[in-house]
Structures are given as C-alpha cells and as structure tokens.
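Written below as structure tokens is the structure these notes are about.
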Amino acid sequence: MDRFGELMVFLRVVEARSFSGAARALAMSPSAVSKLVARLESRLGVRLFDRIAGSIRLTQEGERFQRDGQRVVDAMTEAENAACTAEQEVSGVLHVHTPLTFAKYLLAPLLPALLQRHPKLRIEFILGTARGDFMKDGIDVAIHSEHPKELPLIAKPIARRRWLIAAAPSYLRKHGTPTSPDQLLDHRCLNFTVRTNWNSWSFRENGALKTVDIKSYVGANQGELLHALALEGLGVVRLAEFHIGRDVREGRLIELLAEYRDPADDLMYVLYPHRRNLAPRVRAFLDFLDEHFHP
C-alpha cells in the first residue's frame, strides 16, 4: 500500500475510533489495519496512538499528523470534485437544515442566482435552531453556529455572527434606557426557550469579559417572534446583526450598551457528513457558499 493509502487507513481509524471499526469500513481484517498503522508509526518514528485497555487515543503527534494528513486528503478531494462536478449535471433535491433567520436574511437573497445557475436543482429547507439528525432527517447540508463534536461531521466556518442588544423607542420611553449590563436585570427582556446558552449575554466591561444571565419576560423558540415582539415595544432583545441590523439603522430599534459589546462573535459553520464522493448538488451548494460568505 502506498503512502496515500496508509494515510487514508489512519484517518479511517481516527474516524471510527478503533481498529476494528476501521477494518469493517475498509473491508480489511483488524490485524491488517493494526499492522499497517504500526508500519506507519515505524516509518515516521513516532507513536500515533496510545493503546490503553483495548481502546485507542491519539497522541499529540497523532493529532498533528491527523490535521496535516486531513489537509492533504482535502486538497486531493477538492481537486477531484472540481473536475467531476464540471462534467456532472447538478440536479435533484438538496435538503438544507438551518435556523429560519439565517435562511431568510442571508440565504434567501442569494437563491435566485444559485437556481439560475443550476435550473434543475431543487432546494428544501428544514428550519430549526437545533442541528438535526443528518441520517434520520435526510439532511444534505446544515448551517449552524456550534462546531460539531462528532468526528465524521465536517464543519467549515462561513460567517461571523455579531450580536446586538436593542429595544424599540416606545419601550425605552416607558421603561428607561439601561446604561450598564447589570441594569438589564431590572428590564423586561425577550429570550430564547431553546439553546438557552444564548440567554447568557456577554459584555466587555473594563477590559474583562462579563456575563449576565438574563431572565425572560417573554420567551420563544424562534428569533423571528422575539424580533416582532421587540418591534412592538414589549422588551429588550439580543439578536444577530444580520437579523435586526436594518431595524437599528432605520430607527425602529435602538441599539443598547454598544460600548460594552463583546467583540468575540460566534462563527457560523456549514456542516456536511463527509468529504468523500459528494453529490454534485452538495458540491455546487458548498461552492456557492464559498463565493458569497467569508468568515
């Protein structure tokens, strides 16, 4: 087996987290996989895995080799996919899972250009703040804010999400304007009932990170409803700039505590199950995102 083949076997062991799992996926025997990894370690002169009580764990050298090796495989895959996609027609139904606000405010304006380029492509959106189950829900691609913990799931950053805190002028006239993060505890705040980590609002005060756990006056599982309630003057809201930025610019909402804004924005990731043998419709969508989004 050549060096590229050895690398692919090594990466499959990392993905499967065991020699036996990699062997099943590669239609090899576990002993053959183990011997191949041992030969690779001998050639490199480092130990890639710690073997402990029947389980394996990447060493620091193994983690570095995995990162560098994956870049080699990615480059090869990208080159092959580019050549193949150019020859294959983009068609079929693409299932995209993403929050409603990202789809509405960032993806929807771009879709006419994508569908004009690929007239036989169809897109079905599955909207939600939770990432969803790729296998169960038949998802091709997802766009969400959390980096996945599952090794087989690929995550590529595509955009930064900047949070704004704002309220309608009518609310501020009635309840006053908070001038420090702690004063939010005395205000009516609109918050999420899912992804409750979003309800800890972060600030930068005197150079230090400060987090305030905000209690909900009204809660919802979708940011669009919180947005509508804020416009009605019902309370203070914290939502993405791409979601409420236009309302702030046009005066329907007033940004609050801008001097305390935490500059550490969230990253939005495009997620897909694997890099190998991507369907032309998935590759076309990923390439389109690369053209329009830059984190």
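Every chain in the structure tokens takes a letter, A first, then B, and so on in the order presented; its residues are numbered from 1, and the ligands are numbered from 1 following the presented order.
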
Find the residues around Gly245 (chain A) up to 10 Å (only C-alpha atoms counted), leave out those fewer than 4 positions away in its own chain, and share them as an mmCIF file with C-alpha atoms, in the first residue's frame.
```cif
data_model
loop_
_atom_site.group_PDB
_atom_site.id
_atom_site.type_symbol
_atom_site.label_atom_id
_atom_site.label_comp_id
_atom_site.auth_asym_id
_atom_site.auth_seq_id
_atom_site.Cartn_x
_atom_site.Cartn_y
_atom_site.Cartn_z
ATOM 1 C CA ARG A 162 -22.352 39.553 15.643
ATOM 2 C CA TRP A 163 -24.933 40.011 18.406
ATOM 3 C CA LEU A 164 -26.797 43.279 19.026
ATOM 4 C CA ALA A 166 -31.775 46.557 21.170
ATOM 5 C CA LEU A 239 -30.372 39.000 18.217
ATOM 6 C CA ALA A 240 -27.910 38.691 15.344
ATOM 7 C CA GLU A 241 -26.921 41.819 13.427
ATOM 8 C CA ARG A 249 -30.113 51.518 11.063
ATOM 9 C CA GLU A 250 -33.629 52.767 10.240
ATOM 10 C CA GLY A 251 -34.547 53.613 13.840
ATOM 11 C CA LEU A 253 -34.950 49.581 17.174
ATOM 12 C CA ILE A 254 -32.293 51.373 19.227
ATOM 13 C CA GLU A 255 -29.018 49.579 19.918
#
```

Close residues, Leu36 (chain A) itself excluded, 12 Å, only C-alpha atoms, min 6 positions apart in chain, as an mmCIF file with N, CA and C atoms, in the first residue's frame:
```
data_model
loop_
_atom_site.group_PDB
_atom_site.id
_atom_site.type_symbol
_atom_site.label_atom_id
_atom_site.label_comp_id
_atom_site.auth_asym_id
_atom_site.auth_seq_id
_atom_site.Cartn_x
_atom_site.Cartn_y
_atom_site.Cartn_z
ATOM 1 N N MET A 1 0.850 -1.194 0.000
ATOM 2 C CA MET A 1 0.000 0.000 0.000
ATOM 3 C C MET A 1 0.886 1.244 0.000
ATOM 4 N N ASP A 2 0.541 2.259 -0.852
ATOM 5 C CA ASP A 2 1.348 3.467 -0.937
ATOM 6 C C ASP A 2 1.067 4.378 0.259
ATOM 7 N N ARG A 3 1.796 5.481 0.324
ATOM 8 C CA ARG A 3 1.693 6.366 1.474
ATOM 9 C C ARG A 3 0.304 7.001 1.580
ATOM 10 N N GLY A 5 -2.471 5.662 0.621
ATOM 11 C CA GLY A 5 -3.345 4.613 1.136
ATOM 12 C C GLY A 5 -3.183 4.426 2.634
ATOM 13 N N GLU A 6 -1.929 4.472 3.115
ATOM 14 C CA GLU A 6 -1.680 4.377 4.552
ATOM 15 C C GLU A 6 -2.355 5.532 5.298
ATOM 16 N N LEU A 7 -2.261 6.718 4.728
ATOM 17 C CA LEU A 7 -2.880 7.884 5.350
ATOM 18 C C LEU A 7 -4.393 7.711 5.436
ATOM 19 N N MET A 8 -5.018 7.200 4.384
ATOM 20 C CA MET A 8 -6.462 7.006 4.382
ATOM 21 C C MET A 8 -6.883 6.005 5.454
ATOM 22 N N VAL A 9 -6.080 4.937 5.621
ATOM 23 C CA VAL A 9 -6.392 3.952 6.660
ATOM 24 C C VAL A 9 -6.259 4.592 8.039
ATOM 25 N N PHE A 10 -5.193 5.350 8.250
ATOM 26 C CA PHE A 10 -5.000 6.044 9.525
ATOM 27 C C PHE A 10 -6.183 6.954 9.839
ATOM 28 N N VAL A 13 -9.201 5.050 10.916
ATOM 29 C CA VAL A 13 -9.088 4.606 12.313
ATOM 30 C C VAL A 13 -9.472 5.746 13.250
ATOM 31 N N PHE A 19 -9.534 0.185 15.688
ATOM 32 C CA PHE A 19 -9.012 -0.567 14.553
ATOM 33 C C PHE A 19 -10.099 -1.450 13.948
ATOM 34 N N ALA A 22 -12.550 0.614 11.840
ATOM 35 C CA ALA A 22 -11.941 0.969 10.563
ATOM 36 C C ALA A 22 -11.849 -0.238 9.655
ATOM 37 N N ALA A 23 -11.532 -1.396 10.234
ATOM 38 C CA ALA A 23 -11.414 -2.619 9.428
ATOM 39 C C ALA A 23 -12.739 -2.954 8.758
ATOM 40 N N MET A 28 -11.233 -4.843 5.632
ATOM 41 C CA MET A 28 -9.943 -5.422 5.976
ATOM 42 C C MET A 28 -10.073 -6.131 7.316
ATOM 43 N N SER A 29 -9.073 -6.890 7.672
ATOM 44 C CA SER A 29 -9.064 -7.517 8.985
ATOM 45 C C SER A 29 -8.492 -6.532 10.003
ATOM 46 N N PRO A 30 -8.935 -6.599 11.266
ATOM 47 C CA PRO A 30 -8.375 -5.700 12.283
ATOM 48 C C PRO A 30 -6.854 -5.829 12.418
ATOM 49 N N SER A 42 6.308 3.227 12.559
ATOM 50 C CA SER A 42 7.728 2.896 12.455
ATOM 51 C C SER A 42 8.411 3.782 11.424
ATOM 52 N N ARG A 43 7.741 4.011 10.304
ATOM 53 C CA ARG A 43 8.335 4.842 9.262
ATOM 54 C C ARG A 43 8.471 6.292 9.713
#
```

As a PDB file with C-alpha atoms, in the first residue's frame, please: every residue in region 27-122 of chain A that DSSP puts in alpha helix (DSSP H).
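Result file states.pdb:
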```pdb
ATOM      1  CA  PRO A  30      -8.375  -5.700  12.283  1.00  0.00           C
ATOM      2  CA  SER A  31      -4.903  -7.240  12.408  1.00  0.00           C
ATOM      3  CA  ALA A  32      -4.118  -5.900   8.932  1.00  0.00           C
ATOM      4  CA  VAL A  33      -5.211  -2.403   9.962  1.00  0.00           C
ATOM      5  CA  SER A  34      -3.187  -2.632  13.184  1.00  0.00           C
ATOM      6  CA  LYS A  35      -0.081  -3.801  11.323  1.00  0.00           C
ATOM      7  CA  LEU A  36      -0.441  -1.049   8.743  1.00  0.00           C
ATOM      8  CA  VAL A  37      -0.673   1.636  11.464  1.00  0.00           C
ATOM      9  CA  ALA A  38       2.322   0.093  13.249  1.00  0.00           C
ATOM     10  CA  ARG A  39       4.281   0.221   9.984  1.00  0.00           C
ATOM     11  CA  LEU A  40       3.304   3.863   9.527  1.00  0.00           C
ATOM     12  CA  GLU A  41       4.435   4.671  13.082  1.00  0.00           C
ATOM     13  CA  SER A  42       7.728   2.896  12.455  1.00  0.00           C
ATOM     14  CA  ARG A  43       8.335   4.842   9.262  1.00  0.00           C
ATOM     15  CA  LEU A  44       7.502   8.176  10.920  1.00  0.00           C
ATOM     16  CA  GLN A  60      -0.082  14.729  20.388  1.00  0.00           C
ATOM     17  CA  GLU A  61       1.982  13.616  17.390  1.00  0.00           C
ATOM     18  CA  GLY A  62      -1.024  11.685  16.133  1.00  0.00           C
ATOM     19  CA  GLU A  63      -3.266  14.741  16.423  1.00  0.00           C
ATOM     20  CA  ARG A  64      -0.777  16.819  14.445  1.00  0.00           C
ATOM     21  CA  PHE A  65      -0.436  14.111  11.786  1.00  0.00           C
ATOM     22  CA  GLN A  66      -4.230  13.833  11.594  1.00  0.00           C
ATOM     23  CA  ARG A  67      -4.605  17.591  10.987  1.00  0.00           C
ATOM     24  CA  ASP A  68      -1.871  17.732   8.375  1.00  0.00           C
ATOM     25  CA  GLY A  69      -2.954  14.494   6.740  1.00  0.00           C
ATOM     26  CA  GLN A  70      -6.551  15.658   6.510  1.00  0.00           C
ATOM     27  CA  ARG A  71      -5.411  18.756   4.647  1.00  0.00           C
ATOM     28  CA  VAL A  72      -3.675  16.501   2.105  1.00  0.00           C
ATOM     29  CA  VAL A  73      -6.845  14.442   1.626  1.00  0.00           C
ATOM     30  CA  ASP A  74      -8.986  17.573   1.423  1.00  0.00           C
ATOM     31  CA  ALA A  75      -6.789  19.041  -1.292  1.00  0.00           C
ATOM     32  CA  MET A  76      -6.973  15.821  -3.300  1.00  0.00           C
ATOM     33  CA  THR A  77     -10.740  15.584  -2.804  1.00  0.00           C
ATOM     34  CA  GLU A  78     -11.300  19.218  -3.759  1.00  0.00           C
ATOM     35  CA  ALA A  79      -9.333  18.742  -6.975  1.00  0.00           C
ATOM     36  CA  GLU A  80     -11.214  15.578  -7.906  1.00  0.00           C
ATOM     37  CA  ASN A  81     -14.613  17.057  -7.022  1.00  0.00           C
ATOM     38  CA  ALA A  82     -13.918  20.153  -9.081  1.00  0.00           C
ATOM     39  CA  ALA A  83     -13.084  18.009 -12.099  1.00  0.00           C
ATOM     40  CA  CYS A  84     -16.078  15.710 -11.622  1.00  0.00           C
ATOM     41  CA  THR A  85     -18.618  18.443 -10.881  1.00  0.00           C
ATOM     42  CA  ALA A  86     -17.669  20.233 -14.061  1.00  0.00           C
ATOM     43  CA  GLU A  87     -18.743  17.138 -16.006  1.00  0.00           C
ATOM     44  CA  LEU A 100     -35.118  30.467   9.987  1.00  0.00           C
ATOM     45  CA  THR A 101     -33.345  33.804  10.387  1.00  0.00           C
ATOM     46  CA  PHE A 102     -30.169  32.715   8.579  1.00  0.00           C
ATOM     47  CA  LEU A 111     -31.019  31.699  -4.011  1.00  0.00           C
ATOM     48  CA  PRO A 112     -32.206  33.210  -7.319  1.00  0.00           C
ATOM     49  CA  ALA A 113     -28.602  33.336  -8.556  1.00  0.00           C
ATOM     50  CA  LEU A 114     -27.916  29.754  -7.419  1.00  0.00           C
ATOM     51  CA  LEU A 115     -31.052  28.366  -9.038  1.00  0.00           C
ATOM     52  CA  GLN A 116     -30.477  30.329 -12.226  1.00  0.00           C
ATOM     53  CA  ARG A 117     -27.029  28.752 -12.454  1.00  0.00           C
TER      54      ARG A 117
END
```

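Among the candidate residues A:His294, A:Phe288, A:Arg24, A:Asp137, the one lying nearest to Leu110 (chain A) is A:Phe288, with distances computed using only C-alpha atoms.
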
Ser55 (chain A) surroundings by only C-alpha atoms, 10 Å radius, close-in-sequence under 5 positions cut, as a list in words | Arg17, Ser18, Phe19, Phe49 and Asp50 of chain A

Would you mind exporting C-alpha atoms of the selected residues as a PDB file, in the first residue's frame?
```
ATOM      1  CA  ARG A  17     -12.074   5.436  16.979  1.00  0.00           C
ATOM      2  CA  SER A  18     -10.999   1.817  16.755  1.00  0.00           C
ATOM      3  CA  PHE A  19      -9.012  -0.567  14.553  1.00  0.00           C
ATOM      4  CA  PHE A  49      -1.964   6.165  19.082  1.00  0.00           C
ATOM      5  CA  ASP A  50      -1.849   5.241  22.745  1.00  0.00           C
TER       6      ASP A  50
END
```

Residues of region 99-293 of chain A in strand (DSSP E or B) according to DSSP, as a ChimeraX atom specification?
-> /A:121-127,141-144,154-161,163-167,189-192,200-205,208-213,218-220,236-240,254-255,261,266-272

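Contact shell of Val93 (chain A) at 12 Å (only C-alpha atoms; same-chain neighbours under 6 positions omitted): A:Leu115, A:His118, A:Pro119, A:Lys120, A:Leu121, A:Arg122, A:Ile123, A:Glu124, A:Phe125, A:Gly138, A:Ile139, A:Asp140, A:Val141, A:Ala279, A:Pro280, A:Arg281, A:Val282, A:Phe285.
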
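Taking CA of Leu48 (chain A) as the reference point, CA of Ala16 (chain A) is found at 15.0 Å.
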
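The coordinates place CA of Ser170 (chain A) at 13.1 Å from CA of Arg188 (chain A).
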
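Residue neighbourhood of Asp182 (chain A), excluding near-sequence residues (fewer than 4 positions): A:Pro178, A:Asp186, A:Val212, at 9 Å, using only C-alpha atoms.
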
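A straight line drawn from CA of Glu232 (chain A) to CA of Leu267 (chain A) is 29.5 Å long.
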
Counting only C-alpha atoms, figure out which residue out of A:Ile244, A:Val218, A:Leu229, A:Val90 gets nearest to Ala284 (chain A).
-> A:Val90

Which polymer residues have any atom within 9 Å of an atom of Lys215 (chain A), counting only C-alpha atoms, with same-chain residues fewer than 4 positions away left out, as a list in words?
-> Leu185, Arg188, Cys189, Leu190, Asn191 and Asn199 of chain A

Could you write those residues out with C-alpha atoms, as a PDB file, in the first residue's frame?
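As written to disk, again_1.pdb reads:
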```
ATOM      1  CA  LEU A 185     -31.810  42.616  35.296  1.00  0.00           C
ATOM      2  CA  ARG A 188     -38.200  43.212  30.520  1.00  0.00           C
ATOM      3  CA  CYS A 189     -36.069  41.009  28.278  1.00  0.00           C
ATOM      4  CA  LEU A 190     -37.116  38.736  25.422  1.00  0.00           C
ATOM      5  CA  ASN A 191     -35.226  35.487  25.249  1.00  0.00           C
ATOM      6  CA  ASN A 199     -29.642  33.664  27.273  1.00  0.00           C
TER       7      ASN A 199
END
```

Closest of A:Gly207, A:Ala220, A:Ala167, A:Trp201 to Leu234 (chain A) - atom-to-atom distances counting only C-alpha atoms = A:Ala167

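Using only C-alpha atoms, the residues found no farther than 9 Å from Pro273 (chain A), other than those of its own chain fewer than 3 positions away, are Phe134, Asp140, Val141, Pro152, Leu153, Ile154 and Ala155 of chain A.
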
Generate a file of the selected residues that holds N, CA and C atoms, formatted as a PDB file, in the first residue's frame.
```pdb
ATOM      1  N   PHE A 134     -28.732  14.110  10.731  1.00  0.00           N
ATOM      2  CA  PHE A 134     -28.488  14.016   9.296  1.00  0.00           C
ATOM      3  C   PHE A 134     -29.125  12.768   8.696  1.00  0.00           C
ATOM      4  N   ASP A 140     -28.758  17.003   3.792  1.00  0.00           N
ATOM      5  CA  ASP A 140     -27.537  17.033   2.982  1.00  0.00           C
ATOM      6  C   ASP A 140     -26.510  17.998   3.565  1.00  0.00           C
ATOM      7  N   VAL A 141     -26.975  19.179   3.951  1.00  0.00           N
ATOM      8  CA  VAL A 141     -26.109  20.240   4.440  1.00  0.00           C
ATOM      9  C   VAL A 141     -26.831  20.968   5.564  1.00  0.00           C
ATOM     10  N   PRO A 152     -17.038  12.320  12.341  1.00  0.00           N
ATOM     11  CA  PRO A 152     -17.328  12.184  10.916  1.00  0.00           C
ATOM     12  C   PRO A 152     -17.979  13.418  10.297  1.00  0.00           C
ATOM     13  N   LEU A 153     -18.481  14.359  11.118  1.00  0.00           N
ATOM     14  CA  LEU A 153     -19.177  15.516  10.587  1.00  0.00           C
ATOM     15  C   LEU A 153     -18.167  16.624  10.292  1.00  0.00           C
ATOM     16  N   ILE A 154     -18.180  17.104   9.054  1.00  0.00           N
ATOM     17  CA  ILE A 154     -17.251  18.136   8.624  1.00  0.00           C
ATOM     18  C   ILE A 154     -17.858  19.508   8.900  1.00  0.00           C
ATOM     19  N   ALA A 155     -17.057  20.420   9.427  1.00  0.00           N
ATOM     20  CA  ALA A 155     -17.525  21.775   9.723  1.00  0.00           C
ATOM     21  C   ALA A 155     -16.571  22.787   9.103  1.00  0.00           C
TER      22      ALA A 155
END
```
